[in-house]
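Enquirer: My structure is in model_24.tsv, and what it holds is TSV, C-alpha atoms:
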```
chain	number	residue	atom	x	y	z
A	29	ILE	CA	25.65	-16.31	7.00
A	30	LEU	CA	24.85	-19.64	5.30
A	31	GLN	CA	26.69	-21.48	8.04
A	32	LYS	CA	24.93	-19.51	10.76
A	33	TYR	CA	21.55	-20.71	9.50
A	34	ASN	CA	22.80	-24.24	8.68
A	35	ILE	CA	22.15	-23.86	4.95
A	36	PRO	CA	24.10	-26.22	2.68
A	37	TYR	CA	26.11	-24.63	-0.10
A	38	TYR	CA	28.28	-25.30	-3.12
A	39	VAL	CA	31.22	-23.19	-4.17
A	40	PHE	CA	32.19	-23.36	-7.85
A	41	THR	CA	35.57	-21.98	-8.79
A	42	LYS	CA	38.42	-22.01	-11.30
A	43	SER	CA	40.62	-20.15	-8.86
A	44	ALA	CA	43.28	-20.87	-6.24
A	45	LEU	CA	42.22	-17.82	-4.21
A	46	ILE	CA	39.69	-19.97	-2.35
A	47	SER	CA	42.57	-21.29	-0.25
A	48	ARG	CA	42.29	-18.14	1.86
A	49	ASP	CA	38.87	-19.45	3.01
A	50	LEU	CA	40.06	-22.94	3.97
A	51	THR	CA	39.35	-22.49	7.69
A	52	LEU	CA	35.86	-21.15	7.00
A	53	HIS	CA	34.88	-24.16	4.87
A	54	LYS	CA	36.67	-26.65	7.13
A	55	GLN	CA	34.42	-25.73	10.07
A	56	TYR	CA	31.37	-26.51	7.88
A	57	LYS	CA	32.70	-29.53	5.99
A	58	HIS	CA	29.63	-31.61	6.80
A	59	ASN	CA	27.37	-29.30	4.81
A	60	CYS	CA	29.31	-27.85	1.87
A	61	PHE	CA	30.92	-28.90	-1.40
A	62	LEU	CA	33.79	-27.26	-3.24
A	63	VAL	CA	33.77	-27.79	-7.00
A	64	TRP	CA	36.73	-26.86	-9.19
A	65	SER	CA	36.26	-26.54	-12.92
A	66	ILE	CA	39.35	-27.75	-14.74
A	67	THR	CA	39.59	-27.86	-18.53
A	68	THR	CA	43.04	-29.34	-19.07
A	69	CYS	CA	46.30	-30.32	-17.39
A	70	ASN	CA	48.15	-29.42	-20.58
A	71	GLU	CA	49.84	-26.08	-19.87
A	72	ASN	CA	50.27	-25.15	-23.54
A	73	ILE	CA	46.55	-25.57	-24.17
A	74	ARG	CA	45.50	-23.87	-20.92
A	75	ARG	CA	47.52	-20.76	-21.76
A	76	ILE	CA	45.63	-20.47	-25.03
A	77	VAL	CA	42.13	-21.49	-23.95
A	78	GLU	CA	41.97	-20.02	-20.42
A	79	PRO	CA	44.92	-17.67	-19.96
A	80	GLY	CA	43.37	-16.07	-16.86
A	81	THR	CA	43.16	-19.30	-14.87
A	82	PRO	CA	45.91	-20.80	-12.73
A	83	PRO	CA	47.79	-23.89	-13.96
A	84	SER	CA	46.17	-27.18	-13.01
A	85	PHE	CA	49.12	-28.19	-10.81
A	86	VAL	CA	48.46	-25.08	-8.69
A	87	LEU	CA	44.76	-25.95	-8.44
A	88	PHE	CA	45.48	-29.53	-7.44
A	89	LYS	CA	47.81	-28.35	-4.65
A	90	VAL	CA	44.90	-26.25	-3.35
A	91	ILE	CA	42.45	-29.15	-3.76
A	92	ILE	CA	44.70	-31.38	-1.63
A	93	ARG	CA	44.58	-28.78	1.15
A	94	PHE	CA	40.77	-29.01	1.10
A	95	CYS	CA	40.51	-32.79	0.72
A	96	ASP	CA	42.98	-33.63	3.50
A	97	PRO	CA	40.79	-32.28	6.35
A	98	GLY	CA	37.73	-34.03	4.87
A	99	ILE	CA	36.04	-31.19	3.00
A	100	ARG	CA	33.96	-32.66	0.18
A	101	CYS	CA	35.52	-31.77	-3.14
A	102	ALA	CA	34.66	-32.37	-6.77
A	103	VAL	CA	36.22	-31.61	-10.14
A	104	ASN	CA	34.12	-30.68	-13.12
A	105	ILE	CA	36.00	-31.26	-16.39
A	106	ASP	CA	34.31	-28.45	-18.21
A	107	PRO	CA	34.29	-27.68	-21.01
A	108	ILE	CA	35.63	-30.73	-22.79
A	109	LEU	CA	36.73	-29.25	-26.11
A	110	PRO	CA	36.22	-31.54	-29.11
A	111	LEU	CA	39.47	-32.27	-30.97
A	112	ILE	CA	41.48	-30.30	-28.38
A	113	THR	CA	40.97	-31.67	-24.86
A	114	ASP	CA	38.79	-34.71	-25.55
A	115	SER	CA	41.52	-37.33	-25.99
A	116	LEU	CA	41.82	-40.16	-23.46
A	117	ASN	CA	45.28	-38.90	-22.48
A	118	GLU	CA	43.93	-35.43	-21.72
A	119	ILE	CA	40.99	-36.72	-19.70
A	120	GLU	CA	42.99	-39.40	-17.87
A	121	SER	CA	45.55	-36.79	-16.84
A	122	ILE	CA	42.85	-34.83	-15.00
A	123	ILE	CA	41.31	-38.00	-13.52
A	124	ASP	CA	44.70	-39.20	-12.24
A	125	ASN	CA	45.32	-35.82	-10.61
A	126	CYS	CA	41.86	-35.94	-9.02
A	127	TYR	CA	42.54	-39.39	-7.62
A	128	ASN	CA	45.97	-38.41	-6.29
A	129	SER	CA	44.47	-35.30	-4.66
A	130	GLY	CA	41.74	-37.20	-2.79
A	131	VAL	CA	38.79	-35.95	-4.87
A	132	HIS	CA	35.76	-38.24	-4.66
A	133	TYR	CA	33.50	-36.75	-7.34
A	134	VAL	CA	34.44	-36.14	-10.97
A	135	PHE	CA	32.11	-35.22	-13.79
A	136	GLY	CA	32.32	-33.27	-17.01
A	137	THR	CA	30.57	-32.14	-20.12
A	138	PRO	CA	31.46	-31.17	-23.69
A	139	LEU	CA	31.55	-27.57	-24.83
A	140	ARG	CA	28.27	-25.84	-25.63
A	141	LEU	CA	28.69	-23.55	-28.57
A	142	ARG	CA	27.41	-19.99	-29.03
A	143	SER	CA	28.38	-17.58	-31.77
A	144	ASP	CA	30.77	-15.61	-29.53
A	145	ILE	CA	32.42	-18.81	-28.28
A	146	TRP	CA	32.64	-20.08	-31.86
A	147	GLU	CA	34.61	-17.00	-32.93
A	148	ARG	CA	37.02	-17.51	-30.02
A	149	MET	CA	37.34	-21.22	-30.83
A	150	LYS	CA	38.48	-20.40	-34.36
A	151	ILE	CA	41.33	-18.38	-32.85
A	152	VAL	CA	42.12	-21.30	-30.52
A	153	PHE	CA	42.33	-23.69	-33.50
A	154	LYS	CA	45.02	-21.49	-35.06
A	155	LEU	CA	46.98	-21.15	-31.83
A	156	VAL	CA	47.02	-24.85	-30.98
A	157	ASN	CA	48.36	-25.62	-34.45
A	158	LYS	CA	45.24	-27.35	-35.69
A	159	LYS	CA	44.40	-27.36	-39.38
A	160	GLU	CA	41.80	-24.64	-39.04
A	161	THR	CA	39.72	-25.42	-42.14
A	162	GLU	CA	39.48	-29.12	-41.28
A	163	VAL	CA	38.65	-28.50	-37.61
A	164	ILE	CA	35.97	-25.96	-38.55
A	165	ARG	CA	34.46	-28.54	-40.90
A	166	GLN	CA	34.46	-31.16	-38.12
A	167	TYR	CA	32.90	-28.75	-35.61
A	168	THR	CA	30.10	-27.83	-38.02
A	169	LYS	CA	29.37	-31.56	-38.32
A	170	LEU	CA	29.61	-32.20	-34.57
A	171	TYR	CA	27.37	-29.24	-33.69
A	172	HIS	CA	25.08	-29.50	-36.75
A	173	PHE	CA	25.34	-25.94	-38.05
A	174	LYS	CA	26.56	-24.04	-41.08
A	175	GLU	CA	28.84	-21.04	-41.18
A	176	PRO	CA	28.26	-18.33	-40.24
A	177	MET	CA	26.72	-19.37	-36.93
A	178	ARG	CA	23.70	-17.27	-36.07
A	179	GLN	CA	23.63	-15.30	-32.84
A	180	GLY	CA	21.31	-16.41	-30.09
A	181	TYR	CA	21.91	-20.12	-30.62
A	182	ASN	CA	23.26	-22.33	-27.86
A	183	LEU	CA	24.32	-25.56	-29.55
A	184	TYR	CA	24.95	-28.92	-27.94
A	185	VAL	CA	27.42	-31.32	-29.47
A	186	ASP	CA	26.18	-34.37	-31.38
A	187	LYS	CA	24.47	-36.84	-29.01
A	188	ILE	CA	26.54	-39.85	-30.14
A	189	TYR	CA	29.77	-37.92	-29.56
A	190	ALA	CA	28.56	-36.62	-26.16
A	191	ASP	CA	27.43	-40.09	-25.06
A	192	THR	CA	30.80	-41.58	-26.04
A	193	ILE	CA	32.72	-38.90	-24.13
A	194	GLN	CA	30.48	-39.32	-21.07
A	195	LYS	CA	30.77	-43.13	-21.18
A	196	ASN	CA	34.58	-43.04	-21.42
A	197	LEU	CA	34.82	-40.43	-18.67
A	198	LYS	CA	32.50	-42.37	-16.37
A	199	GLU	CA	34.43	-45.62	-16.90
A	200	ARG	CA	37.77	-43.98	-16.11
A	201	VAL	CA	36.38	-42.24	-13.02
A	202	MET	CA	34.79	-45.41	-11.67
A	203	GLU	CA	37.94	-47.46	-12.35
A	204	LYS	CA	39.67	-45.17	-9.85
A	205	GLY	CA	36.92	-45.73	-7.25
A	206	MET	CA	35.55	-42.20	-7.56
A	207	LEU	CA	31.97	-41.23	-8.30
A	208	PHE	CA	30.85	-39.90	-11.67
A	209	ASP	CA	28.08	-37.77	-10.32
A	210	PHE	CA	27.26	-34.30	-9.21
A	211	PRO	CA	27.74	-34.18	-5.44
A	212	HIS	CA	24.42	-33.88	-3.62
A	213	LEU	CA	24.15	-32.19	-0.25
A	214	ASP	CA	22.24	-35.04	1.33
A	215	GLU	CA	23.89	-36.88	4.22
A	216	ASN	CA	22.64	-40.29	2.99
A	217	ARG	CA	24.34	-39.93	-0.39
A	218	TYR	CA	27.93	-39.42	0.81
A	219	MET	CA	29.57	-42.64	-0.20
A	220	TRP	CA	33.33	-42.67	-0.38
A	221	LYS	CA	36.22	-44.14	1.46
A	222	LYS	CA	39.02	-42.10	2.97
A	223	ARG	CA	42.34	-42.70	1.21
```
Would you encode the structure as structure tokens?

Expert:
Amino acid sequence: ILQKYNIPYYVFTKSALISRDLTLHKQYKHNCFLVWSITTCNENIRRIVEPGTPPSFVLFKVIIRFCDPGIRCAVNIDPILPLITDSLNEIESIIDNCYNSGVHYVFGTPLRLRSDIWERMKIVFKLVNKKETEVIRQYTKLYHFKEPMRQGYNLYVDKIYADTIQKNLKERVMEKGMLFDFPHLDENRYMWKKR
């Protein structure tokens, strides 16, 4: 229906199932963007943090199928988990896979914390073999709160930390010739070269 009325659209996904719609999006590649949210390329961490999502290598195989015919694709590294997926190695692994897959847009953002997410994160700390007490202490500093976290709060990570993560991510993305930006559906803003 969107295509029938020439309405631009974004599709956001963490799934590989979108490959069944490749032909549909290919016929409208001038006016759509496909955005995959990928948290990590580390399989051990993914199984703990997002057990319901496909492995990143599966997603990148799908992304290649969309990039090859010229469909505009982006990867959102989201959420970037402090002390878990925020290392340069973790982030560069995703960026390298984006580059090798033909993705032109990469962006990302650190985890926003709510009380329900915080309770799940404490389980994650145990499962990824982090020293739980120390990591909890560091998170309370990074997110400026005291235990127990009150419900209804949506906390952003410390600005200095967030700025550092964003700066490092942007530098790595731009070094690869990709854009660190949210893709805009505006014909004048499409600036990339075909690999």

Enquirer: Taking only C-alpha atoms into account, which of A:Asp106, A:Asp124, A:Glu199, A:Asp144 comes nearest A:Phe85?

Expert: A:Asp124

Enquirer: Which residue, A:Tyr38, A:Tyr181, A:Phe88, A:Tyr171, has the smallest gap to A:Pro211 when you use all atoms listed in the file?

Expert: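 Among the listed residues, A:Tyr38 lies closest to A:Pro211.
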
Enquirer: Using all atoms listed in the file, find the one residue out of A:Leu109, A:Thr161, A:His132, A:Leu155 that sits nearest to A:Tyr189.

Expert: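 Ranking A:Leu109, A:Thr161, A:His132, A:Leu155 by distance to A:Tyr189, first place goes to A:Leu109.
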
Enquirer: One decimal, Å: what's the distance from atom CA of A:Lys32 over to atom CA of A:Thr51, could you say?

Expert: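 Atom-to-atom, atom CA of A:Lys32 and atom CA of A:Thr51 are spaced 15.0 Å apart.
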
Enquirer: Counting only C-alpha atoms, figure out which residue out of A:Ile151, A:Val163, A:Val86, A:Ile91 gets nearest to A:Pro110.

Expert: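 Among the listed residues, A:Val163 lies closest to A:Pro110.
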
Enquirer: Between A:Ile188, A:Ile92, A:Leu183, A:Leu197, which one has atoms that come closest to A:Cys126, using only C-alpha atoms?

Expert: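 Counting only C-alpha atoms, the residue closest to A:Cys126 is A:Ile92.
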
Enquirer: Any idea what's packed within 12 Å of A:Tyr127, counting all atoms listed in the file, ignoring anything in its chain fewer than 5 positions away? Could you give it as a list in words?

Expert: Phe88, Ile91, Ile92, Cys95, Cys101, Ala102, Val103, Glu120, Ser121, Ile122, His132, Tyr133, Val134, Arg200, Val201, Met202, Glu203, Lys204, Gly205, Met206, Leu207, Lys222 and Arg223 of chain A

Enquirer: How many Å separate atom CA of A:Lys54 from atom CA of A:Pro36?

Expert: 13.3 Å

Enquirer: Give as a list of chain:residue names each residue that has an atom at most 10 Å from (23.8, -24.9, -29.7) in the file, counting all atoms listed in the file.

Expert: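 The residues near that point, listed by chain and number, are A:Leu139, A:Arg140, A:Leu141, A:Arg142, A:Ser143, A:Tyr171, A:His172, A:Phe173, A:Met177, A:Arg178, A:Gly180, A:Tyr181, A:Asn182, A:Leu183, A:Tyr184, A:Val185, A:Asp186.
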
Enquirer: What does the file look like for those residues with C-alpha atoms, as a compact mmCIF listing (two decimals), in the frame of the given file?

Expert:
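Saved result, result_36.txt, follows:
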```
# COMPACT_ATOMS: atom_id res chain seq x y z
CA LEU A 139 31.55 -27.57 -24.83
CA ARG A 140 28.27 -25.84 -25.63
CA LEU A 141 28.69 -23.55 -28.57
CA ARG A 142 27.41 -19.99 -29.03
CA SER A 143 28.38 -17.58 -31.77
CA TYR A 171 27.37 -29.24 -33.69
CA HIS A 172 25.08 -29.50 -36.75
CA PHE A 173 25.34 -25.94 -38.05
CA MET A 177 26.72 -19.37 -36.93
CA ARG A 178 23.70 -17.27 -36.07
CA GLY A 180 21.31 -16.41 -30.09
CA TYR A 181 21.91 -20.12 -30.62
CA ASN A 182 23.26 -22.33 -27.86
CA LEU A 183 24.32 -25.56 -29.55
CA TYR A 184 24.95 -28.92 -27.94
CA VAL A 185 27.42 -31.32 -29.47
CA ASP A 186 26.18 -34.37 -31.38
```

Enquirer: Tell me which of A:Glu162, A:His58, A:Lys89, A:Arg148 sits closest to A:Asn128, counting only C-alpha atoms.

Expert: A:Lys89

Enquirer: Using only the atoms of stretch 128-141 of chain A listed in the file, plus 5 Å on each side, state the axis-aligned box centre and edge lengths in Å rounded to one decimal, as JSON.

Expert:
```
{"center_x": 37.1, "center_y": -31.0, "center_z": -15.7, "size_x": 27.7, "size_y": 24.9, "size_z": 35.8}
```

Enquirer: What does the distance between atom CA of A:Ser129 and atom CA of A:Trp64 come to in Å, to one decimal place?

Expert: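 Between atom CA of A:Ser129 and atom CA of A:Trp64 the gap works out to 12.3 Å.
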
Enquirer: Counting all atoms listed in the file, select every polymer residue within 12 Å of (46.4, -26.9, -19.9) as defined in the file's coordinates, and provide the selection as a PDB file with C-alpha atoms, in the frame of the given file.

Expert:
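Below is the file that was written, part-v2.pdb:
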```pdb
ATOM      1  CA  ILE A  66      39.350 -27.750 -14.740  1.00  0.00           C
ATOM      2  CA  THR A  67      39.590 -27.860 -18.530  1.00  0.00           C
ATOM      3  CA  THR A  68      43.040 -29.340 -19.070  1.00  0.00           C
ATOM      4  CA  CYS A  69      46.300 -30.320 -17.390  1.00  0.00           C
ATOM      5  CA  ASN A  70      48.150 -29.420 -20.580  1.00  0.00           C
ATOM      6  CA  GLU A  71      49.840 -26.080 -19.870  1.00  0.00           C
ATOM      7  CA  ASN A  72      50.270 -25.150 -23.540  1.00  0.00           C
ATOM      8  CA  ILE A  73      46.550 -25.570 -24.170  1.00  0.00           C
ATOM      9  CA  ARG A  74      45.500 -23.870 -20.920  1.00  0.00           C
ATOM     10  CA  ARG A  75      47.520 -20.760 -21.760  1.00  0.00           C
ATOM     11  CA  ILE A  76      45.630 -20.470 -25.030  1.00  0.00           C
ATOM     12  CA  VAL A  77      42.130 -21.490 -23.950  1.00  0.00           C
ATOM     13  CA  GLU A  78      41.970 -20.020 -20.420  1.00  0.00           C
ATOM     14  CA  PRO A  79      44.920 -17.670 -19.960  1.00  0.00           C
ATOM     15  CA  GLY A  80      43.370 -16.070 -16.860  1.00  0.00           C
ATOM     16  CA  THR A  81      43.160 -19.300 -14.870  1.00  0.00           C
ATOM     17  CA  PRO A  82      45.910 -20.800 -12.730  1.00  0.00           C
ATOM     18  CA  PRO A  83      47.790 -23.890 -13.960  1.00  0.00           C
ATOM     19  CA  SER A  84      46.170 -27.180 -13.010  1.00  0.00           C
ATOM     20  CA  PHE A  85      49.120 -28.190 -10.810  1.00  0.00           C
ATOM     21  CA  VAL A  86      48.460 -25.080  -8.690  1.00  0.00           C
ATOM     22  CA  LEU A  87      44.760 -25.950  -8.440  1.00  0.00           C
ATOM     23  CA  ILE A 105      36.000 -31.260 -16.390  1.00  0.00           C
ATOM     24  CA  ILE A 108      35.630 -30.730 -22.790  1.00  0.00           C
ATOM     25  CA  LEU A 109      36.730 -29.250 -26.110  1.00  0.00           C
ATOM     26  CA  ILE A 112      41.480 -30.300 -28.380  1.00  0.00           C
ATOM     27  CA  THR A 113      40.970 -31.670 -24.860  1.00  0.00           C
ATOM     28  CA  GLU A 118      43.930 -35.430 -21.720  1.00  0.00           C
ATOM     29  CA  ILE A 119      40.990 -36.720 -19.700  1.00  0.00           C
ATOM     30  CA  SER A 121      45.550 -36.790 -16.840  1.00  0.00           C
ATOM     31  CA  ILE A 122      42.850 -34.830 -15.000  1.00  0.00           C
ATOM     32  CA  VAL A 156      47.020 -24.850 -30.980  1.00  0.00           C
TER      33      VAL A 156
END
```

Enquirer: Give me, as a VMD selection string, all polymer residues having an atom no more than 9 Å from A:Gln194, counting all atoms listed in the file and skipping those fewer than 4 positions away in the same chain.

Expert: chain A and resid 135 to 138 189 to 190 198 to 199

Enquirer: Generate the output file for the selected residues, C-alpha atoms, as a CSV table (one decimal), in the frame of the given file.

Expert:
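Result file follows (out.csv):
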```csv
chain,number,residue,atom,x,y,z
A,135,PHE,CA,32.1,-35.2,-13.8
A,136,GLY,CA,32.3,-33.3,-17.0
A,137,THR,CA,30.6,-32.1,-20.1
A,138,PRO,CA,31.5,-31.2,-23.7
A,189,TYR,CA,29.8,-37.9,-29.6
A,190,ALA,CA,28.6,-36.6,-26.2
A,198,LYS,CA,32.5,-42.4,-16.4
A,199,GLU,CA,34.4,-45.6,-16.9
```

Enquirer: Near A:Leu30, counting only C-alpha atoms, which residues have an atom at most 12 Å away, once you skip same-chain residues fewer than 3 positions from it, shown as a list of chain:residue names?

Expert: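 With the cut-off at 12 Å, the set is A:Tyr33, A:Asn34, A:Ile35, A:Pro36, A:Tyr37, A:Tyr38, A:Val39, A:Leu52, A:His53, A:Tyr56, A:Asn59, A:Cys60.
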
Enquirer: May I ask you to restore all heavy atoms in stretch 139-150 of chain A and write the result as an mmCIF file, keeping the file's coordinate frame?

Expert:
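Written out: result.cif:
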```
data_model
loop_
_atom_site.group_PDB
_atom_site.id
_atom_site.type_symbol
_atom_site.label_atom_id
_atom_site.label_comp_id
_atom_site.auth_asym_id
_atom_site.auth_seq_id
_atom_site.Cartn_x
_atom_site.Cartn_y
_atom_site.Cartn_z
ATOM 1 N N LEU A 139 31.804 -28.973 -24.549
ATOM 2 C CA LEU A 139 31.550 -27.570 -24.830
ATOM 3 C C LEU A 139 30.189 -27.344 -25.452
ATOM 4 O O LEU A 139 29.793 -28.056 -26.378
ATOM 5 C CB LEU A 139 32.633 -27.064 -25.793
ATOM 6 C CG LEU A 139 32.492 -25.646 -26.342
ATOM 7 C CD1 LEU A 139 32.807 -24.625 -25.257
ATOM 8 C CD2 LEU A 139 33.425 -25.452 -27.532
ATOM 9 N N ARG A 140 29.454 -26.355 -24.934
ATOM 10 C CA ARG A 140 28.270 -25.840 -25.630
ATOM 11 C C ARG A 140 28.719 -24.650 -26.451
ATOM 12 O O ARG A 140 29.532 -23.858 -26.002
ATOM 13 C CB ARG A 140 27.182 -25.426 -24.630
ATOM 14 C CG ARG A 140 26.369 -26.599 -24.132
ATOM 15 C CD ARG A 140 25.266 -26.150 -23.244
ATOM 16 N NE ARG A 140 25.836 -25.621 -22.006
ATOM 17 C CZ ARG A 140 25.120 -25.093 -21.032
ATOM 18 N NH1 ARG A 140 23.818 -24.988 -21.136
ATOM 19 N NH2 ARG A 140 25.695 -24.639 -19.948
ATOM 20 N N LEU A 141 28.167 -24.536 -27.629
ATOM 21 C CA LEU A 141 28.690 -23.550 -28.570
ATOM 22 C C LEU A 141 27.679 -22.433 -28.819
ATOM 23 O O LEU A 141 26.522 -22.684 -29.120
ATOM 24 C CB LEU A 141 28.992 -24.281 -29.892
ATOM 25 C CG LEU A 141 30.087 -23.722 -30.790
ATOM 26 C CD1 LEU A 141 31.396 -23.502 -30.062
ATOM 27 C CD2 LEU A 141 30.297 -24.665 -31.967
ATOM 28 N N ARG A 142 28.156 -21.186 -28.644
ATOM 29 C CA ARG A 142 27.410 -19.990 -29.030
ATOM 30 C C ARG A 142 28.240 -19.251 -30.066
ATOM 31 O O ARG A 142 29.424 -19.536 -30.233
ATOM 32 C CB ARG A 142 27.192 -19.057 -27.836
ATOM 33 C CG ARG A 142 26.383 -19.588 -26.710
ATOM 34 C CD ARG A 142 26.110 -18.487 -25.676
ATOM 35 N NE ARG A 142 27.267 -17.651 -25.413
ATOM 36 C CZ ARG A 142 27.999 -17.707 -24.299
ATOM 37 N NH1 ARG A 142 27.719 -18.575 -23.352
ATOM 38 N NH2 ARG A 142 29.025 -16.901 -24.146
ATOM 39 N N SER A 143 27.655 -18.287 -30.708
ATOM 40 C CA SER A 143 28.380 -17.580 -31.770
ATOM 41 C C SER A 143 29.644 -16.894 -31.244
ATOM 42 O O SER A 143 30.688 -16.927 -31.892
ATOM 43 C CB SER A 143 27.472 -16.578 -32.479
ATOM 44 O OG SER A 143 26.964 -15.640 -31.550
ATOM 45 N N ASP A 144 29.585 -16.283 -30.062
ATOM 46 C CA ASP A 144 30.770 -15.610 -29.530
ATOM 47 C C ASP A 144 31.862 -16.634 -29.167
ATOM 48 O O ASP A 144 33.047 -16.408 -29.415
ATOM 49 C CB ASP A 144 30.417 -14.734 -28.319
ATOM 50 C CG ASP A 144 29.785 -15.510 -27.178
ATOM 51 O OD1 ASP A 144 28.987 -16.435 -27.438
ATOM 52 O OD2 ASP A 144 30.086 -15.204 -26.007
ATOM 53 N N ILE A 145 31.447 -17.763 -28.607
ATOM 54 C CA ILE A 145 32.420 -18.810 -28.280
ATOM 55 C C ILE A 145 33.008 -19.388 -29.566
ATOM 56 O O ILE A 145 34.204 -19.672 -29.639
ATOM 57 C CB ILE A 145 31.749 -19.929 -27.432
ATOM 58 C CG1 ILE A 145 31.351 -19.362 -26.071
ATOM 59 C CG2 ILE A 145 32.674 -21.130 -27.276
ATOM 60 C CD1 ILE A 145 30.519 -20.303 -25.220
ATOM 61 N N TRP A 146 32.174 -19.553 -30.585
ATOM 62 C CA TRP A 146 32.640 -20.080 -31.860
ATOM 63 C C TRP A 146 33.741 -19.213 -32.454
ATOM 64 O O TRP A 146 34.750 -19.701 -32.952
ATOM 65 C CB TRP A 146 31.478 -20.246 -32.821
ATOM 66 C CG TRP A 146 31.842 -20.732 -34.186
ATOM 67 C CD1 TRP A 146 31.509 -20.149 -35.376
ATOM 68 C CD2 TRP A 146 32.574 -21.914 -34.521
ATOM 69 N NE1 TRP A 146 31.993 -20.881 -36.425
ATOM 70 C CE2 TRP A 146 32.660 -21.977 -35.929
ATOM 71 C CE3 TRP A 146 33.185 -22.912 -33.770
ATOM 72 C CZ2 TRP A 146 33.331 -22.990 -36.592
ATOM 73 C CZ3 TRP A 146 33.852 -23.934 -34.435
ATOM 74 C CH2 TRP A 146 33.917 -23.965 -35.831
ATOM 75 N N GLU A 147 33.576 -17.907 -32.399
ATOM 76 C CA GLU A 147 34.610 -17.000 -32.930
ATOM 77 C C GLU A 147 35.911 -17.142 -32.149
ATOM 78 O O GLU A 147 36.993 -17.117 -32.734
ATOM 79 C CB GLU A 147 34.103 -15.552 -32.920
ATOM 80 C CG GLU A 147 32.951 -15.294 -33.886
ATOM 81 C CD GLU A 147 33.250 -15.766 -35.312
ATOM 82 O OE1 GLU A 147 34.347 -15.468 -35.835
ATOM 83 O OE2 GLU A 147 32.389 -16.456 -35.907
ATOM 84 N N ARG A 148 35.807 -17.303 -30.828
ATOM 85 C CA ARG A 148 37.020 -17.510 -30.020
ATOM 86 C C ARG A 148 37.655 -18.866 -30.324
ATOM 87 O O ARG A 148 38.871 -18.998 -30.353
ATOM 88 C CB ARG A 148 36.687 -17.404 -28.530
ATOM 89 C CG ARG A 148 36.389 -15.975 -28.112
ATOM 90 C CD ARG A 148 36.484 -15.704 -26.621
ATOM 91 N NE ARG A 148 36.237 -16.800 -25.732
ATOM 92 C CZ ARG A 148 35.218 -16.894 -24.885
ATOM 93 N NH1 ARG A 148 34.314 -15.935 -24.824
ATOM 94 N NH2 ARG A 148 35.097 -17.926 -24.080
ATOM 95 N N MET A 149 36.811 -19.882 -30.541
ATOM 96 C CA MET A 149 37.340 -21.220 -30.830
ATOM 97 C C MET A 149 38.145 -21.219 -32.129
ATOM 98 O O MET A 149 39.162 -21.910 -32.225
ATOM 99 C CB MET A 149 36.203 -22.246 -30.908
ATOM 100 C CG MET A 149 35.592 -22.607 -29.565
ATOM 101 S SD MET A 149 36.788 -23.194 -28.343
ATOM 102 C CE MET A 149 37.415 -24.673 -29.137
ATOM 103 N N LYS A 150 37.740 -20.461 -33.101
ATOM 104 C CA LYS A 150 38.480 -20.400 -34.360
ATOM 105 C C LYS A 150 39.885 -19.829 -34.144
ATOM 106 O O LYS A 150 40.841 -20.263 -34.790
ATOM 107 C CB LYS A 150 37.700 -19.612 -35.411
ATOM 108 C CG LYS A 150 36.480 -20.385 -35.908
ATOM 109 C CD LYS A 150 35.834 -19.763 -37.112
ATOM 110 C CE LYS A 150 34.876 -18.694 -36.745
ATOM 111 N NZ LYS A 150 34.072 -18.197 -37.868
#
```
